[in-house]
Amino acid sequence: MRFTVGDGFTLPDLAGRDVDATFHDTPDGALARAGVSLRQNRDATWTLLLPRRGRELHRPAAGAGVVPPDLLDAVTAFRRDAGLGAVRTVRSAIHVSSAAGGVLAEIRVLSERGTGRRPRRVEVLRVDGTSEDLARIATALTAAGAVPDADGAADPRQEPGGTAGEVLTEALRDGAGRILRHDPFARLRETMPNGDTPVHQMRVGTRRLRSDLQTFQALLDPAWSRPLRAELGRLAGALGGARDIEVMRARLHVTAGSDPLAPVDVESVARIDAALAGRQETALSALDEALRSPRYVQLLDALTRPPRLVGRHGAPAGRVLPGLARKPWRQLVTGADALTPELPDDDWHEVRKLAKRARYAFSWVPGPEAAALAKRIAKAQKVLGEHQDAATAADTWLFVARFLDRRDHRLAVTAGRLFERERAAVTRARAAFPAVWAAVCEENTTAWLK
């Protein structure tokens, strides 16, 4: 949030603590726009605050104005190739704290550039605060005389005159934003506050972008979109390697403990997990390399620039986007209708991918009908996702056991029991899918597409 303030503005009492430090940012303030705070404190130590994070990262002094390497790496997605320097416009700053001592928000009072005197603007950087916390801060600032800046354009899907190009631009911005927000956490190897992982969220953002670029390709210059989709494919490969093992490690413990009356051998499960942990570290190292490559920085530059629109991008979104979303929908219908319990796992996995693409497409089509259909497809996708995870896990347990020691009887028995539990989950998913799919195809849900 940003506010404009007059000469006599005084920051209200927000139960915060003063921040006595020198802030660093790019010349155009890229870190502040992203809600990132990087500062060198009076004792020369460094502190980094990332959006959606409840605590600070502290590092020892690295020299005057010398940013510690890992903090510099953590803000790569926001600064890209731009250099960092001391921000001369910060007059004062406070951290608004929660009752538990976490940081809800950082509030900066900015002076006229180059003078360090008269306040002109106030920026509120959300850290770990809720929407209610931000509303309380905004109310206090407004009462003190601050004038809120415009929040920007509304969701073009909700605007009667929203164009197809505006909605597509928002879709691509949304996917890119998901990658940018979670990039620092992936580099720092940290789990998100809600328990999710940054690798997962970056992979979702990458998949959504690739899907949207394909679904709405008629509105995009192919000379711009095709190379972008190819680069996103490279990133998806690096993220996928790390994410797949992440999923398997979490599933291993769930499957092993799924029947307390018939426990599996704990030591054997630990050996399988240790083998997966080694593979995960290798995959994360490969991801680190991909995130530190010049190609990744160039990809981020491309994603944060406006897309090159062609075709009917200026026409109303409600007229153009439903027609473009019908293609992935028809492909999903064809694939899902053909599924039978006897088909191979790969056939079921292909339908899962079609379900994702259709759901992504309808999530950007204006209107409640499209939103309702997207929600029902999501339920079908969840069943197909459980099917795929179980099928992959079943093969993984046997492969890892053979890789570790073919002669270890206890390990072989444990892997076999895990395999049987996963195949039972596959069977349950196949049995559940027809009813879920029938709900997707109900006349009152899909009639608007005809």
# chains A, B, ... in the order shown; residues from 1 in each chain; ligands from 1

$ select_by_dssp --residues "stretch 41-230 of chain A" --states "helix (DSSP H, G or I)" --output "ChimeraX atom specification"
/A:69-74,76-79,131-143,156-158,164-187,198-215,217-219,222-230

$ residues_around --residues "A:Gly278" --least-positions-apart "5" --cutoff "12 Å" --atoms "only C-alpha atoms" --output "VMD selection string"
chain A and resid 242 245 to 246 249 271 to 273 283 to 285 400

$ atom_distance --atom1 "atom CA of A:Ala336" --atom2 "atom CA of A:Arg421"
25.0 Å

$ residues_around --residues "A:Glu443" --least-positions-apart "5" --cutoff "12 Å" --atoms "only C-alpha atoms" --output "list in words"
Glu369, Leu373, Ala438, Trp448, Leu449 and Lys450 of chain A

$ closest_residue --among "A:Asp212, A:Asp221, A:Glu166, A:Asp128" --to "A:Arg359" --atoms "only C-alpha atoms"
A:Asp212

$ residues_around --residues "stretch 299-311 of chain A" --least-positions-apart "5" --cutoff "10 Å" --atoms "only C-alpha atoms" --output "PDB file with C-alpha atoms, in the first residue's frame"
ATOM      1  CA  THR A  76      17.738 -11.996  -7.660  1.00  0.00           C
ATOM      2  CA  ALA A  77      14.183 -12.429  -8.927  1.00  0.00           C
ATOM      3  CA  PHE A  78      13.345  -8.843  -8.000  1.00  0.00           C
ATOM      4  CA  ARG A  80      17.649  -9.229 -11.804  1.00  0.00           C
ATOM      5  CA  ASP A  81      20.741  -7.573 -13.340  1.00  0.00           C
ATOM      6  CA  ALA A 164      -9.533 -10.366 -23.855  1.00  0.00           C
ATOM      7  CA  GLY A 165      -6.059  -8.840 -23.960  1.00  0.00           C
ATOM      8  CA  GLU A 166      -6.463  -7.312 -20.513  1.00  0.00           C
ATOM      9  CA  LEU A 168      -4.726 -12.503 -20.681  1.00  0.00           C
ATOM     10  CA  THR A 169      -2.215  -9.916 -19.487  1.00  0.00           C
ATOM     11  CA  GLU A 170      -3.519 -10.386 -15.938  1.00  0.00           C
ATOM     12  CA  LEU A 172       0.355 -13.986 -17.327  1.00  0.00           C
ATOM     13  CA  ARG A 173       1.093 -11.459 -14.589  1.00  0.00           C
ATOM     14  CA  GLY A 175       1.660 -16.757 -13.090  1.00  0.00           C
ATOM     15  CA  ALA A 176       4.837 -14.678 -13.186  1.00  0.00           C
ATOM     16  CA  GLY A 177       4.040 -13.231  -9.768  1.00  0.00           C
ATOM     17  CA  ILE A 179       7.264 -17.530  -9.548  1.00  0.00           C
ATOM     18  CA  LEU A 180       8.741 -14.256  -8.317  1.00  0.00           C
ATOM     19  CA  LEU A 209       1.914 -19.910 -17.642  1.00  0.00           C
ATOM     20  CA  GLN A 217      -2.058 -18.473 -28.333  1.00  0.00           C
ATOM     21  CA  ALA A 218      -4.450 -16.913 -30.875  1.00  0.00           C
ATOM     22  CA  LEU A 219      -4.108 -13.636 -28.956  1.00  0.00           C
ATOM     23  CA  LEU A 220      -0.297 -13.704 -28.781  1.00  0.00           C
ATOM     24  CA  ASP A 221       2.487 -13.012 -31.240  1.00  0.00           C
ATOM     25  CA  PRO A 222       3.993 -16.483 -31.800  1.00  0.00           C
ATOM     26  CA  ALA A 223       7.467 -14.976 -32.217  1.00  0.00           C
ATOM     27  CA  TRP A 224       7.127 -13.821 -28.611  1.00  0.00           C
ATOM     28  CA  SER A 225       5.135 -16.627 -27.000  1.00  0.00           C
ATOM     29  CA  PRO A 227      10.353 -19.024 -27.190  1.00  0.00           C
ATOM     30  CA  LEU A 228       8.864 -17.991 -23.850  1.00  0.00           C
ATOM     31  CA  ARG A 229       6.952 -21.245 -23.544  1.00  0.00           C
ATOM     32  CA  GLU A 231      12.099 -21.414 -21.698  1.00  0.00           C
ATOM     33  CA  LEU A 232       9.322 -22.072 -19.215  1.00  0.00           C
ATOM     34  CA  LEU A 235      12.383 -24.208 -15.848  1.00  0.00           C
ATOM     35  CA  PRO A 294      21.512 -15.917 -17.175  1.00  0.00           C
TER      36      PRO A 294
END

$ closest_residue --among "A:Arg17, A:Arg295, A:Arg234, A:Arg126" --to "A:Ala32" --atoms "only C-alpha atoms"
A:Arg126

$ atom_distance --atom1 "atom CA of A:Arg326" --atom2 "atom CA of A:Ser211"
13.8 Å

$ residues_around --residues "A:Leu38" --least-positions-apart "6" --cutoff "6 Å" --atoms "only C-alpha atoms" --output "PyMOL selection string"
chain A and resi 23-24+47-48
